[in-house]
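Below is one structure; the comments refer to it alone.
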Amino acid sequence: MRGLRREEVAQRAGISVDYYTRIEQGRAPAVSDSVVDGLARALRLTPSERTYLRNITLPRRRAGEPDPDPRPRVRPEIQQLLNAMDGTVPAYVYGPAMDVLAWNTLGTRLGIDYAAIPEERRNGPLLVFLDPRMREIHPNWAEVADDTVAGLRAETGRHPGSSRVCRVTHELLERSEEFRRRWEAQEVQERTRGVKRFRHPEAGELVLRFEAFVLPADPGQMLCTYTADEGSATAEALKVLASAAAVA
């Protein structure tokens with residue numbers, strides 16, 4: 001359906017060609033949900049692509065308005081929650097542009113010690129594409145890279161006025177051919193659950209299920225947890241890593 005002409009898309013969405021053209025060019029002042037739904041049906045968009053379309057058609061900030069805080073702070077109560085999960089569940093809090101805002105000790109045992117990284121560099125996409133350690137940590141790095149780019153593109157729709165999202169995207173476009181190739185594919189995907197694989201130098205390969213939860217009281221922040229199947233080799237390995245972290 002991506003090969004449709006403007007006239008065909010407009011007709012299938014039930015809008016005029018002129019209005020569709022203005023939407024494409026970002027000149028439509030307000031796009032209703034019904035129009036977005038019509039375009040999503042006409043283009044056969046996935047749920048993630050539909051969300052992205054909704055986000056990029058929302059009104060932008062006016063010139064001169066302050067940019068949103070590019071790096072929000074995590075509430076002490078959320079850090080307490082992360083600490084309470086330590087020992088059994090690696091967990092993190094992500095912010096706009098997929099910045100890593102907070103974590104627990106077991107989370108750092110999976111591969112990256114975020115405390116040792118400058119705050120500006122604590123970012124998922126920057127680490128995946130520019131830190132060679134990530135290729136060692138993730139045995140399925142190519143799949144992780146695909147998901148990361150699709151997630152960052154969703155972030156550009158969710159936070160269209162964020163200078164942080166722009167800075168991360170532009171740096172990766174300039175410095176990583178792997179990123180640039182994936183970015184040009186224009187895939188959009190918001191993964192809030194799934195399986196991730198880690199290669200640990202001591203514990204071997206770990207297979208963990210992740211769940212991402214939006215924090216309603218903290219706009220732009222998401223809690224991500226990793227758990228192992230009960231009785232699995234990964235579950236036993238996590239216990240060993242937790243014990244090692246406790247005495248470190």
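We label chains A, B, ... in the order they appear in the structure tokens, count residues from 1 in each chain, and number ligands from 1 in the order shown.
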
Show me a table, sorted first by chain and then by increasing residue number, of the residues of region 92-203 of chain A having an atom at most 10 Å from region 220-236 of chain A, each with its shortest atom pair and the distance in Å to one decimal, counting only C-alpha atoms and written as CSV.
```
residue,atom,partner,partner_atom,distance
A:Tyr92,CA,A:Cys224,CA,5.3
A:Val93,CA,A:Leu223,CA,4.5
A:Tyr94,CA,A:Met222,CA,5.2
A:Gly95,CA,A:Gln221,CA,4.5
A:Pro96,CA,A:Gly220,CA,5.6
A:Ala97,CA,A:Gly220,CA,9.3
A:Met98,CA,A:Gln221,CA,9.1
A:Asp99,CA,A:Gln221,CA,9.4
A:Val100,CA,A:Gln221,CA,9.7
A:Leu101,CA,A:Gln221,CA,8.6
A:Ala102,CA,A:Leu223,CA,9.2
A:Trp103,CA,A:Cys224,CA,9.4
A:Gly107,CA,A:Tyr226,CA,8.6
A:Glu155,CA,A:Gly220,CA,9.5
A:Arg158,CA,A:Gly220,CA,8.6
A:His159,CA,A:Gly220,CA,8.4
A:Thr192,CA,A:Cys224,CA,8.4
A:Arg193,CA,A:Cys224,CA,9.0
A:Gly194,CA,A:Tyr226,CA,9.7
A:Val195,CA,A:Tyr226,CA,8.8
A:Lys196,CA,A:Tyr226,CA,8.6
A:Ala203,CA,A:Thr234,CA,8.4
```

Might you pull out every residue within 7 Å of Thr156 (chain A), with only C-alpha atoms counted and same-chain residues fewer than 4 positions away left off, and present them as a VMD selection string?
-> chain A and resid 152 160 165

Keeping only C-alpha atoms, write the selected residues to a file as a short mmCIF file (atom, residue, chain, number, x, y, z; two decimals), in the first residue's frame.
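Saved as result-v5.cif:
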```cif
data_model
loop_
_atom_site.label_atom_id
_atom_site.label_comp_id
_atom_site.auth_asym_id
_atom_site.auth_seq_id
_atom_site.Cartn_x
_atom_site.Cartn_y
_atom_site.Cartn_z
CA LEU A 152 13.86 5.87 18.40
CA PRO A 160 8.56 16.06 18.30
CA VAL A 165 15.81 13.34 20.50
#
```

Please report, as a PyMOL selection string, each residue of region 33-246 of chain A to which DSSP assigns alpha helix (DSSP H) when run on this structure's backbone.
-> chain A and resi 33-43+47-56+76-85+105-109+124-130+133-137+141-158+163-175+177-184+233-246

Selection to disk with C-alpha atoms, as a CSV table (one decimal), in the first residue's frame:
```
chain,number,residue,atom,x,y,z
A,33,ASP,CA,-8.4,11.2,15.3
A,34,SER,CA,-11.0,10.2,12.7
A,35,VAL,CA,-8.7,11.5,9.9
A,36,VAL,CA,-5.7,9.7,11.4
A,37,ASP,CA,-7.7,6.5,11.6
A,38,GLY,CA,-8.8,7.0,8.0
A,39,LEU,CA,-5.2,7.4,6.9
A,40,ALA,CA,-4.1,4.5,9.0
A,41,ARG,CA,-6.6,2.3,7.3
A,42,ALA,CA,-5.8,3.6,3.8
A,43,LEU,CA,-2.1,3.0,4.3
A,47,PRO,CA,-0.6,0.0,15.6
A,48,SER,CA,2.9,1.5,16.2
A,49,GLU,CA,2.8,3.3,12.9
A,50,ARG,CA,-0.6,4.6,13.6
A,51,THR,CA,0.6,6.0,17.0
A,52,TYR,CA,3.6,7.5,15.2
A,53,LEU,CA,1.3,9.2,12.7
A,54,ARG,CA,-0.9,10.5,15.5
A,55,ASN,CA,2.1,11.9,17.3
A,56,ILE,CA,3.7,13.7,14.3
A,76,PRO,CA,13.1,9.0,44.8
A,77,GLU,CA,10.1,6.7,45.1
A,78,ILE,CA,10.8,5.2,41.7
A,79,GLN,CA,14.5,4.7,42.6
A,80,GLN,CA,13.3,3.0,45.8
A,81,LEU,CA,11.2,0.6,43.7
A,82,LEU,CA,14.2,-0.2,41.6
A,83,ASN,CA,16.3,-0.9,44.7
A,84,ALA,CA,13.5,-3.1,46.1
A,85,MET,CA,13.7,-5.3,43.0
A,105,THR,CA,22.7,-2.8,40.8
A,106,LEU,CA,21.6,-6.1,39.2
A,107,GLY,CA,20.8,-4.1,36.1
A,108,THR,CA,24.4,-3.0,35.7
A,109,ARG,CA,25.6,-6.6,36.2
A,124,GLY,CA,20.3,3.3,24.5
A,125,PRO,CA,20.7,4.1,20.8
A,126,LEU,CA,24.1,5.8,21.4
A,127,LEU,CA,25.4,2.8,23.3
A,128,VAL,CA,24.0,0.2,20.8
A,129,PHE,CA,25.6,1.8,17.8
A,130,LEU,CA,28.7,3.5,19.1
A,133,ARG,CA,30.8,-3.6,24.0
A,134,MET,CA,27.2,-3.9,23.0
A,135,ARG,CA,28.0,-6.3,20.2
A,136,GLU,CA,29.6,-8.5,22.8
A,137,ILE,CA,26.8,-8.2,25.3
A,141,TRP,CA,23.0,-7.5,18.1
A,142,ALA,CA,21.5,-7.0,14.6
A,143,GLU,CA,18.0,-7.7,16.0
A,144,VAL,CA,18.6,-5.3,19.0
A,145,ALA,CA,19.8,-2.6,16.5
A,146,ASP,CA,16.6,-3.0,14.4
A,147,ASP,CA,14.4,-2.7,17.5
A,148,THR,CA,16.4,0.3,18.8
A,149,VAL,CA,16.1,2.3,15.6
A,150,ALA,CA,12.4,1.5,15.3
A,151,GLY,CA,11.9,2.6,18.9
A,152,LEU,CA,13.9,5.9,18.4
A,153,ARG,CA,11.7,6.7,15.4
A,154,ALA,CA,8.7,6.3,17.6
A,155,GLU,CA,10.3,8.7,20.1
A,156,THR,CA,10.6,11.3,17.4
A,157,GLY,CA,6.8,11.2,17.0
A,158,ARG,CA,6.2,11.0,20.8
A,163,SER,CA,16.1,18.8,21.3
A,164,ARG,CA,17.5,15.7,23.0
A,165,VAL,CA,15.8,13.3,20.5
A,166,CYS,CA,17.2,15.5,17.7
A,167,ARG,CA,20.7,15.5,19.0
A,168,VAL,CA,20.8,11.7,19.5
A,169,THR,CA,19.4,11.1,16.0
A,170,HIS,CA,21.7,13.5,14.2
A,171,GLU,CA,24.8,12.2,16.0
A,172,LEU,CA,23.9,8.6,14.9
A,173,LEU,CA,23.2,9.7,11.4
A,174,GLU,CA,26.6,11.3,11.2
A,175,ARG,CA,28.6,8.6,12.9
A,177,GLU,CA,26.4,3.7,8.8
A,178,GLU,CA,24.6,0.8,10.5
A,179,PHE,CA,22.2,3.3,12.0
A,180,ARG,CA,21.8,5.4,8.9
A,181,ARG,CA,20.8,2.3,6.8
A,182,ARG,CA,18.2,1.3,9.3
A,183,TRP,CA,16.9,4.8,9.8
A,184,GLU,CA,16.2,5.2,6.1
A,233,ALA,CA,19.5,-21.7,33.9
A,234,THR,CA,19.2,-18.0,33.5
A,235,ALA,CA,17.2,-17.7,36.8
A,236,GLU,CA,20.1,-19.5,38.6
A,237,ALA,CA,22.7,-17.3,36.8
A,238,LEU,CA,20.8,-14.2,38.0
A,239,LYS,CA,21.0,-15.4,41.6
A,240,VAL,CA,24.8,-15.8,41.2
A,241,LEU,CA,25.1,-12.3,39.7
A,242,ALA,CA,23.0,-10.8,42.5
A,243,SER,CA,25.2,-12.5,45.1
A,244,ALA,CA,28.3,-11.2,43.5
A,245,ALA,CA,26.9,-7.7,43.3
A,246,ALA,CA,25.9,-7.8,47.0
```

Check the DSSP output for the backbone and give back, as a ChimeraX atom specification, the residues of region 1-170 of chain A in strand (DSSP E).
-> /A:91-94,100-103

Selection export as a PDB file, in the first residue's frame, atoms kept: N, CA, C and O atoms:
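Final file, result-v4.pdb:
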```
ATOM      1  N   ALA A  91      16.426  -3.917  36.517  1.00  0.00           N
ATOM      2  CA  ALA A  91      15.406  -2.944  36.128  1.00  0.00           C
ATOM      3  C   ALA A  91      16.036  -1.588  35.832  1.00  0.00           C
ATOM      4  O   ALA A  91      17.074  -1.227  36.394  1.00  0.00           O
ATOM      5  N   TYR A  92      15.359  -0.840  34.951  1.00  0.00           N
ATOM      6  CA  TYR A  92      15.840   0.459  34.505  1.00  0.00           C
ATOM      7  C   TYR A  92      14.660   1.398  34.314  1.00  0.00           C
ATOM      8  O   TYR A  92      13.522   0.958  34.131  1.00  0.00           O
ATOM      9  N   VAL A  93      14.944   2.691  34.295  1.00  0.00           N
ATOM     10  CA  VAL A  93      13.962   3.689  33.893  1.00  0.00           C
ATOM     11  C   VAL A  93      14.525   4.415  32.684  1.00  0.00           C
ATOM     12  O   VAL A  93      15.668   4.908  32.719  1.00  0.00           O
ATOM     13  N   TYR A  94      13.737   4.454  31.608  1.00  0.00           N
ATOM     14  CA  TYR A  94      14.133   5.146  30.386  1.00  0.00           C
ATOM     15  C   TYR A  94      13.316   6.421  30.239  1.00  0.00           C
ATOM     16  O   TYR A  94      12.160   6.498  30.675  1.00  0.00           O
ATOM     17  N   VAL A 100      18.882   6.456  29.479  1.00  0.00           N
ATOM     18  CA  VAL A 100      18.830   5.633  30.684  1.00  0.00           C
ATOM     19  C   VAL A 100      18.912   6.578  31.874  1.00  0.00           C
ATOM     20  O   VAL A 100      19.940   7.198  32.126  1.00  0.00           O
ATOM     21  N   LEU A 101      17.805   6.690  32.612  1.00  0.00           N
ATOM     22  CA  LEU A 101      17.715   7.663  33.704  1.00  0.00           C
ATOM     23  C   LEU A 101      18.058   7.076  35.060  1.00  0.00           C
ATOM     24  O   LEU A 101      18.563   7.778  35.934  1.00  0.00           O
ATOM     25  N   ALA A 102      17.744   5.802  35.270  1.00  0.00           N
ATOM     26  CA  ALA A 102      17.981   5.168  36.573  1.00  0.00           C
ATOM     27  C   ALA A 102      18.045   3.661  36.386  1.00  0.00           C
ATOM     28  O   ALA A 102      17.579   3.126  35.371  1.00  0.00           O
ATOM     29  N   TRP A 103      18.608   2.960  37.388  1.00  0.00           N
ATOM     30  CA  TRP A 103      18.794   1.518  37.290  1.00  0.00           C
ATOM     31  C   TRP A 103      19.043   0.958  38.684  1.00  0.00           C
ATOM     32  O   TRP A 103      19.248   1.714  39.649  1.00  0.00           O
TER      33      TRP A 103
END
```

So what do you get for CA of Arg122 (chain A) versus CA of Arg71 (chain A), distance-wise?
-> 10.6 Å

Give me, please, the distance in Å between CA of Pro132 (chain A) and CA of Asn104 (chain A), quoted to one decimal.
-> 22.8 Å
